[in-house]
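A.B. asks: Below is the file coords.cif, with mmCIF, C-alpha atoms.
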data_upload
#
loop_
_atom_site.group_PDB
_atom_site.id
_atom_site.type_symbol
_atom_site.label_atom_id
_atom_site.label_comp_id
_atom_site.auth_asym_id
_atom_site.auth_seq_id
_atom_site.Cartn_x
_atom_site.Cartn_y
_atom_site.Cartn_z
ATOM 1 C CA MET A 1 0.000 0.000 0.000
ATOM 2 C CA GLY A 2 1.417 3.364 -0.952
ATOM 3 C CA ASP A 3 1.520 6.256 1.479
ATOM 4 C CA ALA A 4 0.129 9.652 0.578
ATOM 5 C CA THR A 5 1.868 12.933 1.267
ATOM 6 C CA ASP A 6 0.229 15.843 3.050
ATOM 7 C CA GLY A 7 1.238 18.540 0.590
ATOM 8 C CA VAL A 8 4.379 19.684 2.405
ATOM 9 C CA GLY A 9 6.399 16.589 1.698
ATOM 10 C CA ARG A 10 5.671 14.640 4.873
ATOM 11 C CA VAL A 11 4.670 11.031 4.365
ATOM 12 C CA ASP A 12 1.184 10.447 5.714
ATOM 13 C CA VAL A 13 1.280 6.891 7.037
ATOM 14 C CA ALA A 14 -2.298 7.327 8.312
ATOM 15 C CA ALA A 15 -3.863 7.320 4.820
ATOM 16 C CA PRO A 16 -4.193 3.519 4.448
ATOM 17 C CA ALA A 17 -5.346 3.279 8.066
ATOM 18 C CA GLU A 18 -7.962 5.972 7.434
ATOM 19 C CA ALA A 19 -9.301 4.065 4.417
ATOM 20 C CA TRP A 20 -9.373 0.852 6.458
ATOM 21 C CA THR A 21 -11.167 2.570 9.361
ATOM 22 C CA VAL A 22 -13.740 4.283 7.147
ATOM 23 C CA ALA A 23 -14.369 1.142 5.074
ATOM 24 C CA THR A 24 -14.929 -1.087 8.084
ATOM 25 C CA PHE A 25 -17.016 1.571 9.816
ATOM 26 C CA ASP A 26 -19.218 1.860 6.714
ATOM 27 C CA LEU A 27 -19.618 -1.910 6.463
ATOM 28 C CA VAL A 28 -20.313 -2.411 10.168
ATOM 29 C CA GLY A 29 -22.634 0.604 10.311
ATOM 30 C CA PHE A 30 -24.556 -0.583 7.262
ATOM 31 C CA ALA A 31 -24.916 -4.100 8.700
ATOM 32 C CA LEU A 32 -26.077 -2.833 12.108
ATOM 33 C CA LEU A 33 -28.493 -0.266 10.680
ATOM 34 C CA LEU A 34 -29.980 -3.058 8.547
ATOM 35 C CA LEU A 35 -30.044 -5.553 11.408
ATOM 36 C CA LEU A 36 -31.817 -3.398 14.003
ATOM 37 C CA PRO A 37 -34.998 -2.553 12.026
ATOM 38 C CA VAL A 38 -35.280 -6.139 10.756
ATOM 39 C CA HIS A 39 -35.043 -7.338 14.362
ATOM 40 C CA LEU A 40 -37.622 -4.761 15.529
ATOM 41 C CA SER A 41 -39.991 -5.910 12.782
ATOM 42 C CA GLY A 42 -39.749 -9.470 14.131
ATOM 43 C CA ALA A 43 -38.433 -10.840 10.840
ATOM 44 C CA LEU A 44 -34.800 -11.406 11.854
ATOM 45 C CA GLY A 45 -35.190 -15.115 12.652
ATOM 46 C CA ASP A 46 -36.818 -15.861 9.300
ATOM 47 C CA ALA A 47 -34.335 -13.669 7.410
ATOM 48 C CA LEU A 48 -31.312 -15.442 8.885
ATOM 49 C CA ALA A 49 -32.833 -18.923 8.801
ATOM 50 C CA GLY A 50 -32.518 -19.101 5.016
ATOM 51 C CA LEU A 51 -28.843 -18.153 5.086
ATOM 52 C CA GLY A 52 -26.321 -20.780 6.220
ATOM 53 C CA THR A 53 -23.339 -19.868 8.392
ATOM 54 C CA VAL A 54 -20.659 -20.461 5.757
ATOM 55 C CA PRO A 55 -22.472 -18.690 2.889
ATOM 56 C CA GLY A 56 -23.287 -15.820 5.260
ATOM 57 C CA LEU A 57 -19.671 -15.399 6.339
ATOM 58 C CA LEU A 58 -18.444 -15.656 2.739
ATOM 59 C CA LEU A 59 -20.936 -12.994 1.631
ATOM 60 C CA PHE A 60 -19.874 -10.711 4.491
ATOM 61 C CA GLY A 61 -16.209 -11.213 3.618
ATOM 62 C CA TYR A 62 -16.857 -10.534 -0.067
ATOM 63 C CA LEU A 63 -18.753 -7.343 0.806
ATOM 64 C CA TRP A 64 -15.927 -6.300 3.152
ATOM 65 C CA VAL A 65 -13.365 -6.639 0.357
ATOM 66 C CA LEU A 66 -15.557 -4.684 -2.070
ATOM 67 C CA VAL A 67 -16.142 -1.877 0.436
ATOM 68 C CA ALA A 68 -12.439 -1.721 1.367
ATOM 69 C CA VAL A 69 -11.363 -1.404 -2.274
ATOM 70 C CA SER A 70 -14.111 1.117 -3.020
ATOM 71 C CA VAL A 71 -13.398 3.340 0.007
ATOM 72 C CA ARG A 72 -9.679 3.276 -0.790
ATOM 73 C CA TRP A 73 -10.512 4.646 -4.228
ATOM 74 C CA VAL A 74 -13.024 7.176 -2.840
ATOM 75 C CA LEU A 75 -10.509 8.550 -0.325
ATOM 76 C CA ALA A 76 -7.550 8.547 -2.714
ATOM 77 C CA ASP A 77 -6.326 11.998 -3.612
ATOM 78 C CA GLY A 78 -7.269 13.901 -0.474
ATOM 79 C CA GLY A 79 -8.823 11.678 2.191
ATOM 80 C CA LEU A 80 -12.001 12.667 4.031
ATOM 81 C CA VAL A 81 -11.294 16.330 4.689
ATOM 82 C CA GLY A 82 -8.262 17.162 2.554
ATOM 83 C CA ARG A 83 -9.979 17.529 -0.820
ATOM 84 C CA SER A 84 -11.241 20.689 -2.507
ATOM 85 C CA GLY A 85 -14.901 20.294 -1.590
ATOM 86 C CA PRO A 86 -17.395 17.845 -0.140
ATOM 87 C CA SER A 87 -19.274 17.546 -3.444
ATOM 88 C CA SER A 88 -16.448 15.572 -5.064
ATOM 89 C CA LEU A 89 -16.437 13.187 -2.108
ATOM 90 C CA LEU A 90 -20.214 12.822 -2.409
ATOM 91 C CA ALA A 91 -19.915 11.982 -6.109
ATOM 92 C CA ARG A 92 -17.084 9.535 -5.524
ATOM 93 C CA GLY A 93 -19.001 8.014 -2.617
ATOM 94 C CA ALA A 94 -22.077 7.500 -4.794
ATOM 95 C CA LEU A 95 -19.970 6.001 -7.586
ATOM 96 C CA GLY A 96 -18.076 3.790 -5.164
ATOM 97 C CA GLY A 97 -21.338 2.654 -3.574
ATOM 98 C CA ALA A 98 -22.773 1.847 -7.002
ATOM 99 C CA CYS A 99 -19.701 -0.271 -7.772
ATOM 100 C CA VAL A 100 -20.003 -2.095 -4.437
ATOM 101 C CA GLY A 101 -23.730 -2.750 -4.910
ATOM 102 C CA SER A 102 -23.439 -3.951 -8.483
ATOM 103 C CA GLY A 103 -20.263 -5.919 -7.775
ATOM 104 C CA PHE A 104 -21.856 -7.654 -4.801
ATOM 105 C CA VAL A 105 -25.000 -8.686 -6.677
ATOM 106 C CA ALA A 106 -23.034 -9.609 -9.804
ATOM 107 C CA GLY A 107 -20.801 -11.889 -7.749
ATOM 108 C CA VAL A 108 -23.783 -13.549 -6.088
ATOM 109 C CA VAL A 109 -25.613 -13.983 -9.407
ATOM 110 C CA ILE A 110 -22.548 -15.381 -11.194
ATOM 111 C CA VAL A 111 -21.616 -17.863 -8.459
ATOM 112 C CA GLY A 112 -25.204 -18.806 -7.619
ATOM 113 C CA GLY A 113 -26.124 -18.964 -11.301
ATOM 114 C CA ALA A 114 -23.167 -21.191 -12.108
ATOM 115 C CA VAL A 115 -24.204 -23.621 -9.372
ATOM 116 C CA LEU A 116 -27.798 -23.683 -10.644
ATOM 117 C CA ALA A 117 -26.768 -23.915 -14.305
ATOM 118 C CA ILE A 118 -24.823 -27.128 -13.661
ATOM 119 C CA ASP A 119 -28.128 -28.859 -12.905
ATOM 120 C CA ASP A 120 -30.197 -27.015 -15.492
ATOM 121 C CA PRO A 121 -28.249 -25.293 -18.300
ATOM 122 C CA SER A 122 -31.461 -23.971 -19.864
ATOM 123 C CA ILE A 123 -31.799 -21.288 -17.183
ATOM 124 C CA VAL A 124 -28.672 -19.405 -18.273
ATOM 125 C CA THR A 125 -30.580 -16.954 -20.491
ATOM 126 C CA SER A 126 -33.194 -16.109 -17.877
ATOM 127 C CA LEU A 127 -30.453 -15.818 -15.246
ATOM 128 C CA ALA A 128 -28.572 -13.368 -17.449
ATOM 129 C CA VAL A 129 -31.682 -11.198 -17.868
ATOM 130 C CA PHE A 130 -32.634 -11.389 -14.198
ATOM 131 C CA GLY A 131 -29.025 -10.816 -13.162
ATOM 132 C CA SER A 132 -28.643 -7.729 -15.349
ATOM 133 C CA ILE A 133 -31.752 -6.144 -13.865
ATOM 134 C CA ALA A 134 -30.648 -7.044 -10.328
ATOM 135 C CA VAL A 135 -27.179 -5.562 -10.900
ATOM 136 C CA ALA A 136 -28.698 -2.321 -12.223
ATOM 137 C CA VAL A 137 -31.039 -2.021 -9.229
ATOM 138 C CA ALA A 138 -28.166 -2.818 -6.851
ATOM 139 C CA ALA A 139 -26.059 -0.094 -8.475
ATOM 140 C CA ILE A 140 -28.789 2.479 -7.802
ATOM 141 C CA VAL A 141 -29.291 1.338 -4.211
ATOM 142 C CA GLY A 142 -25.517 1.240 -3.714
ATOM 143 C CA ALA A 143 -25.149 4.780 -5.052
ATOM 144 C CA VAL A 144 -27.722 6.080 -2.578
ATOM 145 C CA VAL A 145 -26.135 4.197 0.336
ATOM 146 C CA GLY A 146 -22.650 5.307 -0.753
ATOM 147 C CA ALA A 147 -23.704 8.957 -0.888
ATOM 148 C CA LEU A 148 -25.377 8.720 2.537
ATOM 149 C CA PHE A 149 -22.296 7.169 4.087
ATOM 150 C CA ALA A 150 -20.082 9.785 2.442
ATOM 151 C CA VAL A 151 -22.114 12.429 4.279
ATOM 152 C CA VAL A 152 -21.901 10.480 7.555
ATOM 153 C CA ASN A 153 -18.148 9.956 7.126
ATOM 154 C CA VAL A 154 -17.521 13.651 6.529
ATOM 155 C CA ALA A 155 -19.678 14.545 9.548
ATOM 156 C CA LEU A 156 -17.690 12.157 11.767
ATOM 157 C CA ALA A 157 -14.434 13.532 10.359
ATOM 158 C CA ARG A 158 -15.579 17.058 11.227
ATOM 159 C CA VAL A 159 -16.291 15.954 14.791
ATOM 160 C CA SER A 160 -12.836 14.337 14.945
ATOM 161 C CA GLU A 161 -11.344 17.658 13.802
ATOM 162 C CA TRP A 162 -13.044 19.306 16.766
ATOM 163 C CA VAL A 163 -11.751 16.590 19.110
ATOM 164 C CA VAL A 164 -8.146 16.916 17.934
ATOM 165 C CA PRO A 165 -7.438 20.160 16.085
ATOM 166 C CA LEU A 166 -4.276 19.923 13.985
ATOM 167 C CA ALA A 167 -1.302 22.001 15.098
ATOM 168 C CA ASP A 168 -1.171 23.610 11.633
ATOM 169 C CA ALA A 169 -4.801 24.689 11.935
ATOM 170 C CA ASP A 170 -4.175 26.027 15.445
ATOM 171 C CA ALA A 171 -1.184 28.024 14.267
ATOM 172 C CA THR A 172 -3.194 29.419 11.357
ATOM 173 C CA ALA A 173 -6.042 30.383 13.681
ATOM 174 C CA THR A 174 -3.629 31.940 16.191
ATOM 175 C CA ASN A 175 -1.870 33.909 13.472
ATOM 176 C CA ALA A 176 -5.187 35.062 12.071
ATOM 177 C CA GLU A 177 -6.306 36.241 15.506
ATOM 178 C CA GLY A 178 -2.976 37.964 16.096
ATOM 179 C CA GLY A 179 -3.053 39.542 12.666
ATOM 180 C CA ALA A 180 -6.540 40.895 13.200
ATOM 181 C CA GLY A 181 -5.370 42.696 16.334
ATOM 182 C CA ASP A 182 -2.364 44.331 14.647
ATOM 183 C CA PRO A 183 -2.644 47.990 13.642
ATOM 184 C CA MET B 184 -19.010 -30.536 11.596
ATOM 185 C CA SER B 185 -21.875 -28.133 12.143
ATOM 186 C CA ASN B 186 -21.282 -27.976 15.896
ATOM 187 C CA ALA B 187 -17.562 -27.452 15.349
ATOM 188 C CA LEU B 188 -18.292 -24.613 12.951
ATOM 189 C CA HIS B 189 -20.642 -22.929 15.396
ATOM 190 C CA LEU B 190 -18.070 -23.283 18.157
ATOM 191 C CA LEU B 191 -15.469 -21.730 15.869
ATOM 192 C CA VAL B 192 -17.793 -18.829 15.060
ATOM 193 C CA ARG B 193 -18.423 -18.249 18.778
ATOM 194 C CA LEU B 194 -14.694 -18.477 19.505
ATOM 195 C CA VAL B 195 -13.925 -15.816 16.893
ATOM 196 C CA HIS B 196 -16.754 -13.681 18.309
ATOM 197 C CA VAL B 197 -15.379 -13.889 21.850
ATOM 198 C CA LEU B 198 -11.795 -13.278 20.691
ATOM 199 C CA GLY B 199 -13.004 -10.342 18.607
ATOM 200 C CA MET B 200 -14.612 -8.766 21.662
ATOM 201 C CA ALA B 201 -11.464 -9.415 23.679
ATOM 202 C CA ALA B 202 -9.412 -7.569 21.062
ATOM 203 C CA VAL B 203 -11.869 -4.678 20.753
ATOM 204 C CA LEU B 204 -12.343 -4.143 24.488
ATOM 205 C CA GLY B 205 -8.720 -4.879 25.332
ATOM 206 C CA GLY B 206 -7.423 -2.461 22.698
ATOM 207 C CA THR B 207 -9.774 0.279 23.824
ATOM 208 C CA VAL B 208 -8.809 -0.139 27.469
ATOM 209 C CA VAL B 209 -5.113 -0.114 26.507
ATOM 210 C CA GLY B 210 -5.644 3.190 24.672
ATOM 211 C CA TRP B 211 -7.615 4.635 27.587
ATOM 212 C CA GLN B 212 -5.140 3.597 30.278
ATOM 213 C CA THR B 213 -2.150 4.663 28.183
ATOM 214 C CA LEU B 214 -3.584 8.166 27.922
ATOM 215 C CA ARG B 215 -4.411 8.160 31.644
ATOM 216 C CA ALA B 216 -0.837 7.253 32.516
ATOM 217 C CA GLY B 217 0.970 9.883 30.460
ATOM 218 C CA SER B 218 0.675 13.358 29.037
ATOM 219 C CA GLU B 219 1.614 12.440 25.445
ATOM 220 C CA VAL B 220 -0.131 10.243 22.908
ATOM 221 C CA PRO B 221 1.980 7.158 22.040
ATOM 222 C CA LEU B 222 1.193 7.499 18.361
ATOM 223 C CA ALA B 223 2.433 4.129 17.085
ATOM 224 C CA THR B 224 0.584 2.251 19.826
ATOM 225 C CA VAL B 225 -2.785 3.963 19.470
ATOM 226 C CA ARG B 226 -2.646 3.777 15.673
ATOM 227 C CA ARG B 227 -2.040 0.038 15.902
ATOM 228 C CA VAL B 228 -4.888 -0.237 18.410
ATOM 229 C CA GLU B 229 -7.251 1.502 15.978
ATOM 230 C CA VAL B 230 -6.327 -0.685 13.005
ATOM 231 C CA VAL B 231 -6.735 -3.883 15.043
ATOM 232 C CA PHE B 232 -9.942 -2.487 16.593
ATOM 233 C CA TRP B 233 -11.688 -2.207 13.221
ATOM 234 C CA ALA B 234 -10.490 -5.600 12.021
ATOM 235 C CA ALA B 235 -11.884 -7.148 15.194
ATOM 236 C CA MET B 236 -15.089 -5.098 14.962
ATOM 237 C CA GLY B 237 -15.728 -6.408 11.444
ATOM 238 C CA LEU B 238 -15.215 -9.983 12.644
ATOM 239 C CA LEU B 239 -17.475 -9.313 15.649
ATOM 240 C CA VAL B 240 -20.384 -8.189 13.498
ATOM 241 C CA ALA B 241 -19.926 -11.019 10.980
ATOM 242 C CA THR B 242 -19.809 -13.702 13.663
ATOM 243 C CA GLY B 243 -22.518 -11.962 15.705
ATOM 244 C CA VAL B 244 -24.928 -12.223 12.788
ATOM 245 C CA GLY B 245 -23.824 -15.850 12.396
ATOM 246 C CA ASN B 246 -24.631 -16.503 16.061
ATOM 247 C CA LEU B 247 -28.065 -14.922 15.672
ATOM 248 C CA GLY B 248 -28.749 -17.137 12.653
ATOM 249 C CA THR B 249 -27.812 -20.220 14.673
ATOM 250 C CA LEU B 250 -29.868 -19.210 17.717
ATOM 251 C CA GLY B 251 -32.935 -18.160 15.749
ATOM 252 C CA PRO B 252 -33.694 -14.980 17.693
ATOM 253 C CA PRO B 253 -37.218 -14.574 19.120
ATOM 254 C CA GLY B 254 -39.257 -11.434 18.443
ATOM 255 C CA PRO B 255 -38.402 -8.013 19.877
ATOM 256 C CA SER B 256 -41.306 -8.093 22.351
ATOM 257 C CA THR B 257 -39.760 -10.946 24.367
ATOM 258 C CA ARG B 258 -37.302 -10.263 27.181
ATOM 259 C CA TRP B 259 -34.474 -11.751 25.099
ATOM 260 C CA GLY B 260 -35.508 -9.640 22.117
ATOM 261 C CA THR B 261 -35.587 -6.496 24.246
ATOM 262 C CA VAL B 262 -32.080 -7.155 25.538
ATOM 263 C CA LEU B 263 -30.909 -7.718 21.956
ATOM 264 C CA THR B 264 -32.481 -4.406 20.906
ATOM 265 C CA ILE B 265 -30.641 -2.579 23.693
ATOM 266 C CA LYS B 266 -27.393 -4.359 22.838
ATOM 267 C CA LEU B 267 -27.608 -3.499 19.132
ATOM 268 C CA SER B 268 -28.420 0.139 19.982
ATOM 269 C CA ILE B 269 -25.409 0.419 22.268
ATOM 270 C CA VAL B 270 -23.182 -1.244 19.655
ATOM 271 C CA ILE B 271 -24.291 1.331 17.066
ATOM 272 C CA GLY B 272 -23.407 4.116 19.505
ATOM 273 C CA VAL B 273 -20.032 2.565 20.303
ATOM 274 C CA VAL B 274 -19.258 2.141 16.598
ATOM 275 C CA ALA B 275 -20.068 5.802 15.878
ATOM 276 C CA LEU B 276 -17.985 7.080 18.819
ATOM 277 C CA SER B 277 -15.144 4.739 17.853
ATOM 278 C CA ALA B 278 -15.131 6.108 14.309
ATOM 279 C CA VAL B 279 -14.705 9.643 15.685
ATOM 280 C CA ARG B 280 -11.958 8.416 18.038
ATOM 281 C CA SER B 281 -10.111 6.532 15.281
ATOM 282 C CA LEU B 282 -10.295 9.426 12.824
ATOM 283 C CA ALA B 283 -9.045 11.790 15.563
ATOM 284 C CA VAL B 284 -6.078 9.510 16.293
ATOM 285 C CA LEU B 285 -5.287 9.089 12.596
ATOM 286 C CA ARG B 286 -5.202 12.871 12.118
ATOM 287 C CA LEU B 287 -2.175 13.041 14.396
ATOM 288 C CA ARG B 288 1.172 12.930 12.661
ATOM 289 C CA ALA B 289 4.644 12.168 13.962
ATOM 290 C CA GLY B 290 5.805 15.002 16.211
ATOM 291 C CA GLU B 291 2.256 15.915 17.244
ATOM 292 C CA SER B 292 1.989 13.515 20.172
ATOM 293 C CA ALA B 293 2.001 16.358 22.722
ATOM 294 C CA LEU B 294 -1.569 17.560 22.356
ATOM 295 C CA PRO B 295 -3.124 20.622 23.971
ATOM 296 C CA GLY B 296 -4.753 19.699 27.270
ATOM 297 C CA VAL B 297 -8.343 19.976 26.049
ATOM 298 C CA ALA B 298 -7.753 17.796 22.976
ATOM 299 C CA PHE B 299 -5.892 15.244 25.079
ATOM 300 C CA ASP B 300 -8.795 15.096 27.551
ATOM 301 C CA ARG B 301 -11.345 14.730 24.739
ATOM 302 C CA LEU B 302 -9.405 11.836 23.237
ATOM 303 C CA ARG B 303 -9.075 10.147 26.622
ATOM 304 C CA LEU B 304 -12.814 10.644 27.203
ATOM 305 C CA LEU B 305 -13.567 8.992 23.854
ATOM 306 C CA TYR B 306 -11.453 5.965 24.797
ATOM 307 C CA ALA B 307 -13.123 5.791 28.226
ATOM 308 C CA SER B 308 -16.690 6.121 26.896
ATOM 309 C CA THR B 309 -16.202 3.499 24.191
ATOM 310 C CA ALA B 310 -14.571 1.168 26.725
ATOM 311 C CA TRP B 311 -17.533 1.521 29.118
ATOM 312 C CA GLY B 312 -19.939 1.073 26.217
ATOM 313 C CA LEU B 313 -18.175 -2.155 25.263
ATOM 314 C CA ILE B 314 -18.308 -3.352 28.869
ATOM 315 C CA ALA B 315 -22.080 -2.792 28.777
ATOM 316 C CA VAL B 316 -22.256 -4.792 25.542
ATOM 317 C CA VAL B 317 -20.352 -7.677 27.171
ATOM 318 C CA ALA B 318 -22.757 -7.625 30.141
ATOM 319 C CA LEU B 319 -25.757 -7.718 27.798
ATOM 320 C CA ALA B 320 -24.151 -10.513 25.753
ATOM 321 C CA GLU B 321 -23.763 -12.507 28.962
ATOM 322 C CA ALA B 322 -27.451 -11.961 29.728
ATOM 323 C CA LEU B 323 -28.360 -13.139 26.212
ATOM 324 C CA ALA B 324 -26.190 -16.235 26.479
ATOM 325 C CA HIS B 325 -27.090 -17.322 29.983
ATOM 326 C CA GLY B 326 -30.407 -15.616 30.743
#
What would the structure in this file look like if it were written as structure tokens?

C.D. replies:
Amino acid sequence: MGDATDGVGRVDVAAPAEAWTVATFDLVGFALLLLLPVHLSGALGDALAGLGTVPGLLLFGYLWVLVAVSVRWVLADGGLVGRSGPSSLLARGALGGACVGSGFVAGVVIVGGAVLAIDDPSIVTSLAVFGSIAVAVAAIVGAVVGALFAVVNVALARVSEWVVPLADADATATNAEGGAGDP
Amino acid sequence: MSNALHLLVRLVHVLGMAAVLGGTVVGWQTLRAGSEVPLATVRRVEVVFWAAMGLLVATGVGNLGTLGPPGPSTRWGTVLTIKLSIVIGVVALSAVRSLAVLRLRAGESALPGVAFDRLRLLYASTAWGLIAVVALAEALAHG
């Protein structure tokens, strides 16, 4: 993994760690925010009953990899707060989310379809049609989720800026205050 | 085979919680003991924290699938609702804490007092939140 620089030549070893933190936070947050309402609706037992342990863990791992790769791309060239404006992060978040959504469903359709097609090769055409529609829908849903999480991520990053203001920012603020008082 | 798999999933879940809680307490106590942030240590804690948190959620969902959770109106379901709510809060606070730690660069370990106290408070609050989650998990497992 390559390290980014912070614009003044210092190597920023935190960049890969930031991508890892944001990616896992997004994945975990998404899973928990999905889990809680399903549990409150009383449908959690039925929803999980149809999913075996091994397939469930494999799907989670696959989604984790997709989100990690996507977030690394989204945060490349500036990180969460270092880019020119939040709109570019929102656009990249939506695009990254669309890639995750479509990639996840495409993977499931291809692997699941291949298993089904071994028994019945005649379903390949209908699987391709169904799969294409599912991938398109997943891309739209993923884009919305990606944009929402981009907003959440930036909000959390802003709070973290308040928790630990950078020394550079402090010096700038101090200088600005001092400058304003000069005759 | 099935029982062995479920035991393995539970083992990873327990180890994941040990790593998450242990790492958070290490960060908290390290900041309590000194006046500077040991950057390499807390960064490593944060990276391991999120790896373990991902495993915790994956294996937690696996455990729920095995147990077949009852509805939210039961006592067990109510405890699960509270546990999930606290976990969401801990995850959000931990994201703020991790991003704050990762903003620090080499040579910036001596933070202003207020920032240092805020960071220590974040470690403490997430640690206590995780302790509450462990207590609720014990109630779910053993009634």

A.B. asks: Rank B:Ala315, B:Ala310, B:Leu191, B:Val197 by their smallest atom-to-atom distance to chain A, using all atoms listed in the file, and report the top residue only.

C.D. replies: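 Looking at the shortest contact to chain A, the residue is B:Leu191.
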
A.B. asks: Got a sec: who's within 9 Å of B:Ala234, counting only C-alpha atoms, leaving out chain neighbours fewer than 6 positions off, as a short mmCIF file (atom, residue, chain, number, x, y, z; two decimals) with C-alpha atoms, in the frame of the given file?

C.D. replies:
data_model
loop_
_atom_site.label_atom_id
_atom_site.label_comp_id
_atom_site.auth_asym_id
_atom_site.auth_seq_id
_atom_site.Cartn_x
_atom_site.Cartn_y
_atom_site.Cartn_z
CA TRP A 20 -9.37 0.85 6.46
CA THR A 21 -11.17 2.57 9.36
CA THR A 24 -14.93 -1.09 8.08
CA GLY B 199 -13.00 -10.34 18.61
CA VAL B 203 -11.87 -4.68 20.75
#

A.B. asks: Counting all atoms listed in the file, which of A:Leu48, A:Val38, A:Ala139, A:Leu89 gets nearest to chain B?

C.D. replies: A:Leu48

A.B. asks: Per residue of chain A within 8 Å of chain B, which atom pair is closest and at what distance in Å (one decimal), using only C-alpha atoms, listed by chain and increasing number, as a tab-separated table?

C.D. replies:
residue	atom	partner	partner_atom	distance
A:Asp12	CA	B:Arg288	CA	7.4
A:Ala14	CA	B:Leu285	CA	5.5
A:Ala17	CA	B:Val230	CA	6.4
A:Glu18	CA	B:Leu285	CA	6.6
A:Trp20	CA	B:Val230	CA	7.4
A:Thr21	CA	B:Trp233	CA	6.2
A:Val22	CA	B:Ala278	CA	7.5
A:Thr24	CA	B:Trp233	CA	6.2
A:Phe25	CA	B:Ala278	CA	6.7
A:Leu27	CA	B:Gly237	CA	7.8
A:Val28	CA	B:Gly237	CA	6.2
A:Gly29	CA	B:Ile271	CA	7.0
A:Ala31	CA	B:Val240	CA	7.8
A:Leu32	CA	B:Ile271	CA	6.7
A:Leu33	CA	B:Ile271	CA	7.8
A:Leu36	CA	B:Leu267	CA	6.6
A:His39	CA	B:Pro255	CA	6.5
A:Leu40	CA	B:Pro255	CA	5.5
A:Ser41	CA	B:Pro255	CA	7.6
A:Gly42	CA	B:Gly254	CA	4.8
A:Ala43	CA	B:Gly254	CA	7.7
A:Leu44	CA	B:Pro252	CA	6.9
A:Gly45	CA	B:Gly251	CA	4.9
A:Asp46	CA	B:Gly251	CA	7.9
A:Leu48	CA	B:Gly248	CA	4.9
A:Ala49	CA	B:Gly248	CA	5.9
A:Leu51	CA	B:Gly248	CA	7.6
A:Gly52	CA	B:Gly248	CA	7.8
A:Thr53	CA	B:Gly245	CA	5.7
A:Gly56	CA	B:Gly245	CA	7.2
A:Leu57	CA	B:Ala241	CA	6.4
A:Phe60	CA	B:Ala241	CA	6.5
A:Leu156	CA	B:Val279	CA	5.5
A:Ala157	CA	B:Leu282	CA	6.3
A:Val159	CA	B:Val279	CA	6.6
A:Ser160	CA	B:Ala283	CA	4.6
A:Glu161	CA	B:Ala283	CA	6.5
A:Val163	CA	B:Ala298	CA	5.7
A:Val164	CA	B:Ala298	CA	5.1
A:Pro165	CA	B:Ala298	CA	7.3
A:Leu166	CA	B:Leu287	CA	7.2
A:Ala167	CA	B:Glu291	CA	7.4

A.B. asks: When distances are computed from only C-alpha atoms, which of A:Val115, A:Ala143, A:Ala138, A:Ala155 shows the smallest separation from A:Ser70?

C.D. replies: A:Ala143

A.B. asks: Between A:Pro16, A:Gly93, A:Gly113, A:Gly101, which one has atoms that come closest to A:Val151, using all atoms listed in the file?

C.D. replies: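 Result for the nearest residue to A:Val151: A:Gly93.
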
A.B. asks: For each of A:Ala91, A:Leu34, A:Ala76, A:Val81, take the minimum atom-to-atom distance to A:Leu148, counting only C-alpha atoms, then give the residue where this is smallest.

C.D. replies: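 Answer, going by the shortest atom-to-atom distance: A:Ala91.
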
A.B. asks: Rounded to one decimal in Å, what is the spacing between atom CA of A:Gly61 and atom CA of A:Val124?

C.D. replies: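 So the two atoms, atom CA of A:Gly61 and atom CA of A:Val124, lie 26.5 Å apart.
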
A.B. asks: For A:Gly146, which residue among A:Leu127, A:Val67, A:Ala134, A:Val111 is the nearest when counting all atoms listed in the file?

C.D. replies: A:Val67

A.B. asks: For the provided coordinates, the residues matched by the PyMOL selection byres ((chain B and resi 209) around 12) should be stated as a list in words.

C.D. replies: Ala201, Ala202, Val203, Leu204, Gly205, Gly206, Thr207, Val208, Gly210, Trp211, Gln212, Thr213, Leu214, Arg215, Ala216, Pro221, Thr224, Val225, Arg226, Arg227, Val228, Glu229, Phe232, Arg303, Tyr306, Ala307, Thr309 and Ala310 of chain B

A.B. asks: Could you state which residues are captured by the PyMOL selection byres ((chain B and resi 316-325) around 7) in this file, as an NGL selection string?

C.D. replies: :B and (259 or 262 or 266 or 269-270 or 312-315 or 326)

A.B. asks: So which residues touch A:Gly142 within 10 Å, counting all atoms listed in the file, skipping near sequence neighbours fewer than 4 positions away, as a PyMOL selection string?

C.D. replies: chain A and resi 93-104+136-138+146-148
